[in-house]
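Shown here: run31.cif, mmCIF, C-alpha atoms and all ligand atoms.
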data_work
#
loop_
_atom_site.label_atom_id
_atom_site.label_comp_id
_atom_site.auth_asym_id
_atom_site.auth_seq_id
_atom_site.Cartn_x
_atom_site.Cartn_y
_atom_site.Cartn_z
CA MET A 1 52.59 102.81 54.44
CA LYS A 2 55.54 100.81 53.09
CA VAL A 3 58.86 102.52 53.58
CA ASN A 4 61.46 102.07 50.87
CA HIS A 5 64.59 100.67 52.50
CA ALA A 6 66.52 100.27 49.25
CA PHE A 7 68.93 102.99 50.35
CA LEU A 8 70.31 100.57 52.94
CA SER A 9 71.04 97.79 50.51
CA GLU A 10 72.52 100.00 47.80
CA VAL A 11 75.98 101.46 48.06
CA HIS A 12 75.78 105.17 48.89
CA LEU A 13 79.28 106.45 49.35
CA ASN A 14 80.73 109.89 49.33
CA PRO A 15 82.34 110.10 45.86
CA THR A 16 85.74 110.96 47.34
CA VAL A 17 85.97 107.60 49.13
CA GLN A 18 84.61 105.45 46.33
CA GLY A 19 87.21 102.86 45.41
CA LEU A 20 89.30 103.64 48.48
CA THR A 21 90.88 100.48 49.92
CA PRO A 22 92.74 99.98 53.23
CA SER A 23 96.12 101.65 53.39
CA ALA A 24 98.87 99.49 51.85
CA THR A 25 101.04 99.49 54.98
CA LEU A 26 98.26 98.23 57.23
CA ALA A 27 96.91 95.82 54.63
CA ILE A 28 100.31 94.07 54.17
CA ASN A 29 100.66 93.78 57.93
CA GLU A 30 97.30 92.12 58.39
CA ARG A 31 97.87 89.89 55.39
CA SER A 32 101.29 88.82 56.72
CA ASP A 33 99.75 87.96 60.09
CA ARG A 34 96.99 85.95 58.41
CA LEU A 35 99.55 84.00 56.40
CA ARG A 36 101.58 83.34 59.54
CA ARG A 37 98.49 82.11 61.36
CA ALA A 38 97.83 79.80 58.44
CA GLY A 39 101.26 78.27 59.07
CA ARG A 40 103.45 79.98 56.44
CA GLN A 41 106.87 81.33 57.28
CA ILE A 42 106.56 85.05 56.58
CA PHE A 43 109.29 87.66 56.84
CA LYS A 44 107.50 90.85 57.80
CA LEU A 45 109.28 93.60 55.88
CA GLY A 46 105.95 95.21 54.92
CA LEU A 47 104.76 97.46 57.73
CA GLY A 48 107.18 100.12 58.96
CA GLN A 49 106.92 99.47 62.66
CA SER A 50 109.80 100.09 65.06
CA PRO A 51 111.33 96.80 66.23
CA PHE A 52 112.43 98.39 69.50
CA PRO A 53 110.51 98.42 72.80
CA VAL A 54 109.25 101.69 74.29
CA PRO A 55 112.08 103.03 76.54
CA ARG A 56 111.74 101.89 80.15
CA PRO A 57 111.15 105.34 81.76
CA VAL A 58 108.35 106.03 79.26
CA VAL A 59 106.65 102.71 80.04
CA GLU A 60 106.95 103.50 83.74
CA ALA A 61 105.39 106.91 83.18
CA LEU A 62 102.46 105.26 81.42
CA ARG A 63 102.04 102.80 84.29
CA ALA A 64 102.09 105.64 86.81
CA ASN A 65 99.43 107.50 84.83
CA ALA A 66 97.01 104.69 84.04
CA HIS A 67 94.50 106.33 86.38
CA GLN A 68 94.35 109.59 84.39
CA LYS A 69 90.77 109.59 83.19
CA ASP A 70 89.72 113.15 82.47
CA TYR A 71 89.29 114.66 79.05
CA LEU A 72 92.35 116.75 78.33
CA PRO A 73 92.44 120.09 76.47
CA VAL A 74 91.85 119.67 72.75
CA LYS A 75 95.29 121.03 71.80
CA GLY A 76 97.02 118.72 74.26
CA LEU A 77 98.18 118.46 77.85
CA PRO A 78 100.01 121.75 78.62
CA ALA A 79 103.01 119.91 80.11
CA LEU A 80 103.27 117.80 76.95
CA ARG A 81 103.03 120.82 74.65
CA GLU A 82 105.90 122.36 76.63
CA ALA A 83 107.94 119.15 76.48
CA VAL A 84 107.42 118.86 72.72
CA ALA A 85 108.51 122.48 72.21
CA GLY A 86 111.59 121.75 74.36
CA PHE A 87 112.37 118.69 72.23
CA HIS A 88 112.29 120.73 69.01
CA ARG A 89 114.35 123.54 70.54
CA ARG A 90 116.97 120.94 71.49
CA ILE A 91 116.91 118.79 68.35
CA ASP A 92 116.00 121.21 65.56
CA GLU A 93 117.08 124.61 66.90
CA LEU A 94 113.49 125.73 66.48
CA ALA A 95 112.52 128.79 68.51
CA CYS A 96 109.12 127.45 69.58
CA ARG A 97 106.94 127.44 72.71
CA GLY A 98 104.29 125.13 74.10
CA ASP A 99 101.55 127.34 72.60
CA ASP A 100 102.86 126.49 69.13
CA VAL A 101 102.24 122.76 69.59
CA LEU A 102 99.23 120.64 68.66
CA VAL A 103 98.96 117.06 69.94
CA GLY A 104 96.88 114.41 68.19
CA PRO A 105 96.22 110.65 68.08
CA GLY A 106 99.08 110.00 65.65
CA SER A 107 100.74 112.44 63.26
CA LYS A 108 98.72 110.75 60.49
CA GLU A 109 95.50 112.14 61.98
CA LEU A 110 97.05 115.61 62.29
CA MET A 111 98.09 115.44 58.63
CA PHE A 112 94.56 114.58 57.68
CA LEU A 113 93.23 117.55 59.68
CA LEU A 114 95.79 119.80 58.01
CA GLN A 115 94.73 118.72 54.54
CA LEU A 116 91.10 119.16 55.47
CA VAL A 117 91.56 122.62 56.91
CA TYR A 118 94.19 124.17 54.62
CA GLU A 119 92.82 125.00 51.22
CA GLY A 120 95.76 124.26 48.97
CA GLU A 121 97.00 121.78 46.41
CA LEU A 122 99.13 118.95 47.82
CA ALA A 123 102.63 118.65 46.33
CA ILE A 124 104.69 115.58 47.24
CA PRO A 125 107.78 113.94 45.80
CA ALA A 126 107.35 110.58 44.07
CA PRO A 127 108.05 108.40 46.01
CA SER A 128 106.30 109.49 49.22
CA TRP A 129 104.65 107.65 52.09
CA VAL A 130 101.43 105.85 51.13
CA SER A 131 98.89 108.00 52.98
CA TYR A 132 99.58 111.62 51.99
CA ALA A 133 97.88 111.32 48.58
CA PRO A 134 94.80 109.31 49.71
CA GLN A 135 94.20 111.87 52.48
CA ALA A 136 94.20 114.65 49.85
CA ARG A 137 91.81 112.63 47.76
CA ILE A 138 89.41 112.06 50.65
CA VAL A 139 89.17 115.79 51.34
CA GLY A 140 89.00 116.65 47.63
CA ARG A 141 92.39 118.34 47.14
CA ARG A 142 94.38 118.30 43.93
CA ILE A 143 97.57 116.23 44.11
CA HIS A 144 100.74 117.17 42.33
CA TRP A 145 103.48 114.52 42.26
CA LEU A 146 106.95 116.03 42.04
CA PRO A 147 109.53 114.13 39.99
CA THR A 148 112.65 112.66 41.62
CA ARG A 149 115.51 110.57 40.25
CA ALA A 150 117.20 107.41 41.49
CA GLU A 151 120.64 109.09 40.99
CA HIS A 152 119.60 111.71 43.57
CA GLY A 153 118.45 109.07 46.03
CA TRP A 154 114.83 109.84 45.12
CA LEU A 155 115.12 113.17 46.92
CA LEU A 156 113.34 116.28 45.70
CA MET A 157 115.69 118.69 43.97
CA PRO A 158 115.08 122.45 44.40
CA GLU A 159 114.77 122.99 40.62
CA ASP A 160 111.82 120.58 40.50
CA LEU A 161 110.04 122.49 43.25
CA GLU A 162 110.90 125.74 41.46
CA ARG A 163 109.30 124.39 38.27
CA LEU A 164 106.07 123.76 40.15
CA GLY A 165 106.13 127.23 41.71
CA ARG A 166 106.64 128.89 38.34
CA GLU A 167 103.70 127.00 36.79
CA ASP A 168 101.15 128.91 38.82
CA PRO A 169 102.85 131.18 41.36
CA GLY A 170 99.65 132.35 43.04
CA ARG A 171 98.26 128.91 43.89
CA PRO A 172 98.21 127.97 47.61
CA ARG A 173 100.19 124.81 48.08
CA LEU A 174 101.09 122.37 50.80
CA VAL A 175 104.43 120.64 50.21
CA ILE A 176 105.18 117.61 52.37
CA LEU A 177 108.82 116.65 52.80
CA ASN A 178 109.69 113.60 54.87
CA TYR A 179 113.32 113.00 55.85
CA PRO A 180 114.90 110.64 56.69
CA SER A 181 112.47 109.36 54.11
CA ASN A 182 109.81 106.75 54.19
CA PRO A 183 110.11 104.86 51.77
CA THR A 184 113.78 105.35 50.85
CA GLY A 185 115.76 105.81 54.08
CA TYR A 186 117.61 108.76 52.52
CA THR A 187 117.82 112.28 53.86
CA TYR A 188 118.68 115.77 52.57
CA ARG A 189 122.02 117.50 52.86
CA ILE A 190 121.81 120.77 54.69
CA GLU A 191 122.49 122.79 51.49
CA THR A 192 119.57 121.08 49.76
CA LEU A 193 117.26 121.82 52.68
CA GLN A 194 118.30 125.44 52.53
CA ALA A 195 117.74 125.63 48.75
CA LEU A 196 114.34 123.91 49.00
CA SER A 197 113.27 126.29 51.74
CA GLU A 198 114.27 129.30 49.61
CA VAL A 199 112.01 128.10 46.78
CA ALA A 200 109.12 127.40 49.16
CA GLN A 201 109.55 130.80 50.79
CA HIS A 202 109.72 132.58 47.42
CA TYR A 203 106.40 131.10 46.32
CA GLY A 204 104.74 131.20 49.74
CA MET A 205 104.29 127.44 49.85
CA LEU A 206 103.29 125.95 53.18
CA VAL A 207 105.77 123.20 54.10
CA LEU A 208 104.96 120.25 56.31
CA SER A 209 108.32 118.90 57.38
CA ASP A 210 107.60 115.34 58.45
CA GLU A 211 110.54 114.58 60.74
CA ILE A 212 109.12 111.59 62.55
CA TYR A 213 112.30 109.64 61.69
CA GLY A 214 114.67 112.50 62.65
CA GLU A 215 115.95 110.76 65.77
CA LEU A 216 116.63 107.68 63.66
CA PHE A 217 119.12 109.45 61.37
CA HIS A 218 121.77 106.75 61.67
CA SER A 219 124.77 108.94 62.32
CA GLY A 220 122.86 111.24 64.73
CA GLY A 221 122.53 115.01 64.44
CA HIS A 222 119.46 115.17 62.17
CA ARG A 223 118.92 118.67 60.75
CA SER A 224 115.55 120.31 60.08
CA LEU A 225 114.51 122.59 57.26
CA ALA A 226 112.38 124.69 59.62
CA PRO A 227 115.10 127.14 60.81
CA PHE A 228 115.61 128.18 57.14
CA TYR A 229 111.91 128.96 56.63
CA PRO A 230 110.48 129.42 60.13
CA GLU A 231 107.40 131.40 59.10
CA GLY A 232 106.11 128.78 56.64
CA THR A 233 107.12 125.39 58.06
CA LEU A 234 105.18 123.03 60.30
CA VAL A 235 107.22 120.25 61.90
CA SER A 236 105.66 116.88 62.50
CA SER A 237 106.85 114.23 64.94
CA GLY A 238 105.44 111.67 67.36
CA LEU A 239 106.13 108.59 69.44
CA SER A 240 105.65 105.97 66.73
CA LYS A 241 109.13 105.67 65.29
CA TRP A 242 111.97 106.88 67.51
CA CYS A 243 110.10 105.91 70.68
CA GLY A 244 108.89 102.54 69.40
CA ALA A 245 105.26 103.32 70.29
CA GLY A 246 103.29 103.20 67.03
CA GLY A 247 100.35 101.53 68.72
CA TRP A 248 100.12 104.25 71.37
CA ARG A 249 99.00 106.69 68.66
CA LEU A 250 100.50 110.01 69.62
CA GLY A 251 101.64 112.63 67.12
CA THR A 252 102.67 116.26 67.34
CA PHE A 253 102.82 119.33 65.08
CA VAL A 254 104.74 122.54 65.76
CA PHE A 255 103.43 125.71 64.07
CA PRO A 256 105.06 129.07 63.41
CA PRO A 257 103.37 131.69 65.65
CA ASP A 258 101.91 133.49 62.59
CA LEU A 259 100.06 130.33 61.58
CA ARG A 260 98.12 130.20 64.85
CA TRP A 261 94.92 130.50 62.76
CA LEU A 262 95.78 127.14 61.17
CA LEU A 263 96.47 125.50 64.53
CA ASP A 264 93.21 126.91 65.88
CA ALA A 265 91.20 125.69 62.89
CA MET A 266 92.66 122.20 63.20
CA ALA A 267 91.93 122.20 66.94
CA ALA A 268 88.33 123.25 66.24
CA VAL A 269 87.87 120.26 63.92
CA ALA A 270 89.63 118.03 66.46
CA SER A 271 87.17 119.18 69.11
CA GLU A 272 84.31 118.04 66.89
CA THR A 273 85.89 114.72 66.01
CA PHE A 274 88.39 112.97 68.32
CA THR A 275 88.00 115.49 71.20
CA ALA A 276 91.48 114.97 72.64
CA THR A 277 94.27 112.40 72.64
CA SER A 278 94.23 109.59 75.24
CA ALA A 279 95.13 111.05 78.65
CA PRO A 280 97.49 108.33 80.02
CA ILE A 281 99.41 108.31 76.73
CA GLN A 282 99.87 112.08 76.85
CA TYR A 283 101.19 111.99 80.42
CA ALA A 284 103.66 109.26 79.44
CA ALA A 285 104.69 111.19 76.32
CA VAL A 286 105.88 114.07 78.52
CA ARG A 287 108.61 111.74 79.78
CA ALA A 288 109.53 110.71 76.23
CA PHE A 289 109.87 114.26 74.90
CA GLU A 290 111.81 115.42 77.97
CA GLY A 291 114.53 112.95 77.00
CA GLY A 292 117.62 112.51 79.18
CA PRO A 293 120.57 110.13 79.38
CA GLU A 294 118.59 106.87 79.39
CA ILE A 295 116.59 107.82 76.30
CA ASP A 296 119.72 109.16 74.58
CA ASP A 297 121.42 105.84 75.19
CA TYR A 298 118.39 103.96 73.85
CA LEU A 299 118.46 106.10 70.71
CA ARG A 300 122.21 105.65 70.24
CA ARG A 301 121.85 101.89 70.38
CA SER A 302 118.77 101.90 68.10
CA ARG A 303 120.64 103.93 65.50
CA ARG A 304 123.66 101.66 65.70
CA VAL A 305 121.65 98.52 65.06
CA LEU A 306 119.67 100.12 62.22
CA ALA A 307 122.77 101.58 60.57
CA ALA A 308 124.56 98.21 60.52
CA LEU A 309 121.49 96.31 59.34
CA GLY A 310 120.57 98.87 56.66
CA ALA A 311 124.12 98.83 55.28
CA HIS A 312 124.17 95.02 55.29
CA CYS A 313 120.83 94.72 53.42
CA ALA A 314 121.82 97.36 50.87
CA ALA A 315 125.18 95.68 50.20
CA ARG A 316 123.57 92.26 49.69
CA LEU A 317 120.98 93.73 47.33
CA ARG A 318 123.67 95.52 45.32
CA GLU A 319 125.55 92.22 44.92
CA ALA A 320 122.29 90.77 43.58
CA GLY A 321 122.06 93.51 40.92
CA ALA A 322 119.83 96.11 42.59
CA ARG A 323 120.52 99.82 42.88
CA ALA A 324 120.55 100.30 46.65
CA ALA A 325 122.89 102.79 48.33
CA PRO A 326 123.15 102.40 52.12
CA PRO A 327 120.27 104.20 53.84
CA HIS A 328 120.92 107.31 55.97
CA GLY A 329 118.18 106.83 58.49
CA ALA A 330 114.87 105.25 59.54
CA PHE A 331 114.42 101.53 58.73
CA TYR A 332 113.59 101.49 55.05
CA LEU A 333 115.29 100.57 51.80
CA PHE A 334 113.90 101.27 48.35
CA PRO A 335 115.89 99.04 45.98
CA ASP A 336 115.52 99.62 42.26
CA LEU A 337 115.62 96.37 40.29
CA SER A 338 115.44 97.97 36.84
CA ALA A 339 118.78 96.42 35.87
CA LEU A 340 117.13 93.01 36.31
CA ALA A 341 114.05 93.93 34.27
CA GLU A 342 114.76 91.49 31.47
CA PRO A 343 115.15 88.29 33.49
CA LEU A 344 112.21 89.36 35.67
CA ARG A 345 110.05 89.98 32.62
CA ALA A 346 110.99 86.51 31.36
CA ARG A 347 109.46 85.23 34.63
CA GLY A 348 106.27 87.15 33.90
CA ILE A 349 107.08 90.05 36.26
CA ALA A 350 106.67 93.47 34.67
CA THR A 351 105.28 95.65 37.47
CA SER A 352 106.29 96.42 41.03
CA THR A 353 103.02 94.96 42.27
CA ALA A 354 103.66 91.66 40.45
CA LEU A 355 107.22 91.73 41.82
CA CYS A 356 106.08 91.96 45.45
CA GLU A 357 103.30 89.42 44.96
CA ARG A 358 105.67 86.84 43.49
CA LEU A 359 108.34 87.57 46.07
CA LEU A 360 105.84 86.94 48.85
CA GLU A 361 104.45 83.84 47.18
CA ASP A 362 107.83 82.27 46.40
CA THR A 363 109.93 83.29 49.42
CA GLY A 364 107.59 84.48 52.18
CA VAL A 365 109.21 87.94 52.16
CA ALA A 366 106.52 90.64 52.52
CA THR A 367 107.35 94.06 51.04
CA LEU A 368 105.45 96.88 49.34
CA PRO A 369 105.61 97.86 45.66
CA GLY A 370 107.02 101.21 44.52
CA ALA A 371 103.64 101.88 42.89
CA ASP A 372 102.09 102.26 46.36
CA PHE A 373 104.44 105.19 46.93
CA GLY A 374 103.59 107.01 43.71
CA ARG A 375 106.15 105.45 41.36
CA PRO A 376 105.08 104.33 37.85
CA PRO A 377 103.54 100.82 37.97
CA ASP A 378 106.08 99.32 35.57
CA GLU A 379 109.12 100.59 37.48
CA LEU A 380 110.67 97.71 39.42
CA THR A 381 111.09 99.37 42.80
CA LEU A 382 109.91 98.19 46.18
CA ARG A 383 110.08 99.24 49.80
CA LEU A 384 111.33 96.96 52.46
CA ALA A 385 111.21 97.75 56.16
CA TYR A 386 114.11 95.94 57.85
CA VAL A 387 112.30 95.59 61.16
CA ASP A 388 111.47 91.90 61.57
CA PHE A 389 113.66 91.13 64.58
CA ASP A 390 113.52 91.23 68.37
CA GLY A 391 114.55 94.82 69.04
CA ALA A 392 114.73 94.40 72.83
CA GLN A 393 117.25 91.61 72.48
CA ALA A 394 119.26 93.53 69.87
CA LEU A 395 119.42 96.65 72.09
CA ASP A 396 120.61 94.60 75.07
CA ALA A 397 123.28 92.92 72.99
CA ALA A 398 124.43 96.26 71.50
CA ALA A 399 124.91 97.66 75.02
CA GLY A 400 127.75 95.23 75.64
CA LEU A 401 129.80 96.16 72.57
CA PRO A 402 132.38 98.94 72.32
CA ASP A 403 130.91 102.09 70.81
CA GLU A 404 133.43 102.97 68.10
CA ALA A 405 133.29 100.22 65.48
CA PRO A 406 130.21 99.39 63.38
CA LEU A 407 128.37 96.33 64.66
CA PRO A 408 129.91 93.21 63.12
CA GLU A 409 128.20 90.85 60.68
CA ARG A 410 127.93 88.14 63.35
CA PHE A 411 125.88 90.55 65.51
CA LEU A 412 123.33 90.86 62.71
CA GLN A 413 123.26 87.08 62.19
CA ALA A 414 122.68 86.55 65.91
CA HIS A 415 120.19 89.34 66.67
CA CYS A 416 118.53 90.35 63.39
CA GLY A 417 118.46 86.86 61.89
CA ASN A 418 115.03 87.08 60.28
CA VAL A 419 115.94 90.18 58.29
CA VAL A 420 119.29 88.69 57.25
CA GLU A 421 117.52 85.53 56.10
CA ALA A 422 114.79 87.50 54.31
CA ILE A 423 117.40 89.41 52.30
CA ASP A 424 119.30 86.19 51.53
CA ARG A 425 116.09 84.62 50.28
CA MET A 426 115.26 87.67 48.20
CA CYS A 427 118.77 87.73 46.66
CA GLY A 428 118.60 84.00 45.96
CA TRP A 429 115.22 84.45 44.33
CA LEU A 430 116.53 87.29 42.15
CA ALA A 431 119.44 85.11 41.01
CA VAL A 432 117.25 82.21 39.80
N1 LIG B 501 104.35 104.59 58.73
C1 LIG B 501 104.39 103.18 58.71
C2 LIG B 501 104.68 102.64 57.32
O1 LIG B 501 104.86 103.39 56.39
C3 LIG B 501 103.17 102.49 59.26
C4 LIG B 501 102.05 103.28 59.80
C5 LIG B 501 101.04 103.72 58.77
O2 LIG B 501 101.30 103.67 57.55
O3 LIG B 501 100.01 104.14 59.23
O4 LIG B 501 104.74 101.47 57.16
#
Write out the structure in this file as structure tokens.
Ligand code: GLU
Amino acid sequence: MKVNHAFLSEVHLNPTVQGLTPSATLAINERSDRLRRAGRQIFKLGLGQSPFPVPRPVVEALRANAHQKDYLPVKGLPALREAVAGFHRRIDELACRGDDVLVGPGSKELMFLLQLVYEGELAIPAPSWVSYAPQARIVGRRIHWLPTRAEHGWLLMPEDLERLGREDPGRPRLVILNYPSNPTGYTYRIETLQALSEVAQHYGMLVLSDEIYGELFHSGGHRSLAPFYPEGTLVSSGLSKWCGAGGWRLGTFVFPPDLRWLLDAMAAVASETFTATSAPIQYAAVRAFEGGPEIDDYLRRSRRVLAALGAHCAARLREAGARAAPPHGAFYLFPDLSALAEPLRARGIATSTALCERLLEDTGVATLPGADFGRPPDELTLRLAYVDFDGAQALDAAAGLPDEAPLPERFLQAHCGNVVEAIDRMCGWLAV
């Protein structure tokens, strides 16, 4: 009997993934590398990857634990769960314990599990990081984009969250707030965090506070929303940003004790999918989350370099006509080029996607369009990640300079030259 094999040659995809393409951040990275291999000079301001090396004691801990080969508990290595709880008690004044922690292969994977397991609409500010909305789409959740304004640094204002709550007060909702923000580099004032948490609490919204850039708040002393709304806030972190270890893939969530059912449900799905996070990486992560003077010093120097470079890039872009206040943290800028809309339109550029394409084509500077972060396609915004420099060399050089003053311009020329040149090229291109 002839078997019909047509089902193999036809496309049979789950409807929720039809039309899904690789994530913008990863796609621009691979494209930039391809262009470089083909011989083009590319300035990689596309992917948001830490320029800094993993701190020495953490690398040593990984080396010492390369032999760890056993499957670890699904929720994570107990010593790591304790260390993560200790980190959040220290940094965020969160009253949490190791039992409240879930470890996963990247906070991105934990976010996906959360969206899969929690039956609620996703509410995120526009702009937000590229993957929150596609994850909701994959698991079939409704997505509600919350409005923000350039004058407020693209941050969510409590009245806009209140408006959503009032629309349908009984609806279960997951609100994701990320600060310092990817893609803008801005963060909330403490009063705004408090006001946002009051709204979320009033309407019983579940908040995922994505604080993966907390340790990269440039002036230090990042503050979390969680102490204002402890019963309804999950806090997300990981090794990728402040610890320079994106490729190690380790993320963490902290849950309020009353949401143990949510942690348990996510762990059940984890046990049926990725099983547990890589053992050597978890052992090494204990060292990272324990912190100490060497890691504090690494963080101080990282913040210093990023603060000076972020301020420099923003100032240059403002001179060129962009709206770009100096960033507060992380390594992103989200310039708004609306004031240049007319000359850009005369060059055939009317969307953020066209803007980034032409910028890459003409100057070699790779960035991502505002549209990828939920902004309207015809708004001339883009995200640039000011990370294309040798972070190890910059950290060494920063160690030799007195702590008080901001790092001078000549430091950036000498140690972050590619980013300085990329911004010069971009400004020159805007002025044509
Ligand atoms: N979070 C980083 C970014 O926004 C890269 C990692 C990722 O998107 O998975 O560029």
Report, in Å with one decimal, the straight-line distance from CA of Glu93 in chain A to CA of Ala405 in chain A. 29.3 Å
Could I get the residues of chain A with an atom no further than 9 Å from an atom of ligand LIG 501 (chain B), each paired with its nearest atom pair and that distance in Å to one decimal, using all atoms listed in the file, sorted by chain and residue number, as a tab-separated table?
residue	atom	partner	partner_atom	distance
A:Ser23	CA	B:LIG501	O2	6.9
A:Ala24	CA	B:LIG501	O2	7.5
A:Thr25	CA	B:LIG501	O4	4.7
A:Leu26	CA	B:LIG501	O2	6.2
A:Asn29	CA	B:LIG501	O4	8.7
A:Gly46	CA	B:LIG501	O4	6.8
A:Leu47	CA	B:LIG501	O4	4.1
A:Gly48	CA	B:LIG501	O4	3.3
A:Gln49	CA	B:LIG501	C3	5.9
A:Ser50	CA	B:LIG501	C1	8.9
A:Gly106	CA	B:LIG501	O3	8.7
A:Lys108	CA	B:LIG501	O3	6.9
A:Trp129	CA	B:LIG501	O1	6.1
A:Val130	CA	B:LIG501	O1	6.7
A:Ser131	CA	B:LIG501	O2	6.7
A:Asn182	CA	B:LIG501	O1	6.4
A:Pro183	CA	B:LIG501	O1	7.1
A:Ser240	CA	B:LIG501	N1	8.2
A:Lys241	CA	B:LIG501	N1	8.2
A:Gly246	CA	B:LIG501	C4	7.3
A:Ala385	CA	B:LIG501	O4	7.5
If you measure from CA of Asp424 in chain A to CA of Ala307 in chain A, what distance in Å do you get, rounded to one decimal? 18.2 Å
I need the residue nearest Ile176 in chain A from this list: A:Glu361, A:Glu121, A:Glu60, A:Glu342. Use all atoms listed in the file for the distance.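 Once distances to Ile176 in chain A are computed over all atoms listed in the file, the minimum belongs to A:Glu121.
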Selection near Ala288 in chain A, 12 Å with all atoms listed in the file, sequence-local residues under 3 positions removed, as JSON, numbers by chain: {"A": [54, 55, 56, 57, 58, 59, 60, 61, 62, 79, 80, 83, 84, 86, 87, 238, 239, 240, 242, 243, 244, 245, 250, 281, 282, 283, 284, 285, 291, 292, 293, 294, 295, 296, 298, 299]}
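Taking CA of Leu196 in chain A as the reference point, CA of Ser237 in chain A is found at 20.1 Å.
Closest to Phe52 in chain A among A:Ala226, A:Leu263, A:Leu395, A:Leu309 is A:Leu395, based on only C-alpha atoms.
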Against range 147-160 of chain A, which residues of range 175-228 of chain A fall within 8 Å? For each one I want the closest pair of atoms and the distance in Å (one decimal), counting all atoms listed in the file, rows by chain and increasing residue number, as CSV.
residue,atom,partner,partner_atom,distance
A:Thr184,CA,A:Trp154,CA,7.4
A:Tyr186,CA,A:Gly153,CA,6.6
A:Thr187,CA,A:Leu155,CA,7.5
A:Tyr188,CA,A:Leu155,CA,7.2
A:Thr192,CA,A:Pro158,CA,7.1
A:Ala195,CA,A:Pro158,CA,6.0
A:Leu196,CA,A:Pro158,CA,4.9
A:Val199,CA,A:Pro158,CA,6.9
Using only C-alpha atoms and a cutoff of 10 Å, can you tell me which residues are near (108.5, 120.1, 55.1) in the file's coordinates, and write them out as a list in words?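 Those residues lying close to the given coordinates are Ile124, Leu174, Val175, Ile176, Leu177, Asn178, Tyr179, Leu193, Leu196, Ser197, Ala200, Met205, Leu206, Val207, Leu208, Ser209, Asp210, Glu211, Ser224, Leu225, Ala226, Tyr229, Gly232, Thr233, Leu234, Val235 and Ser236 of chain A.
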Surrounding residues of Trp261 in chain A excluding itself and chain neighbours under 6 positions, 12 Å, all atoms listed in the file, as a list in words: Asp100, Leu114, Val117, Tyr118, Phe255, Ala267 and Ala268 of chain A
The selected residues should be written to file as a PDB file, in the coordinates of the input (atoms: C-alpha atoms).
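Result saved to out.pdb:
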ATOM      1  CA  ASP A 100     102.860 126.490  69.130  1.00  0.00           C
ATOM      2  CA  LEU A 114      95.790 119.800  58.010  1.00  0.00           C
ATOM      3  CA  VAL A 117      91.560 122.620  56.910  1.00  0.00           C
ATOM      4  CA  TYR A 118      94.190 124.170  54.620  1.00  0.00           C
ATOM      5  CA  PHE A 255     103.430 125.710  64.070  1.00  0.00           C
ATOM      6  CA  ALA A 267      91.930 122.200  66.940  1.00  0.00           C
ATOM      7  CA  ALA A 268      88.330 123.250  66.240  1.00  0.00           C
TER       8      ALA A 268
END
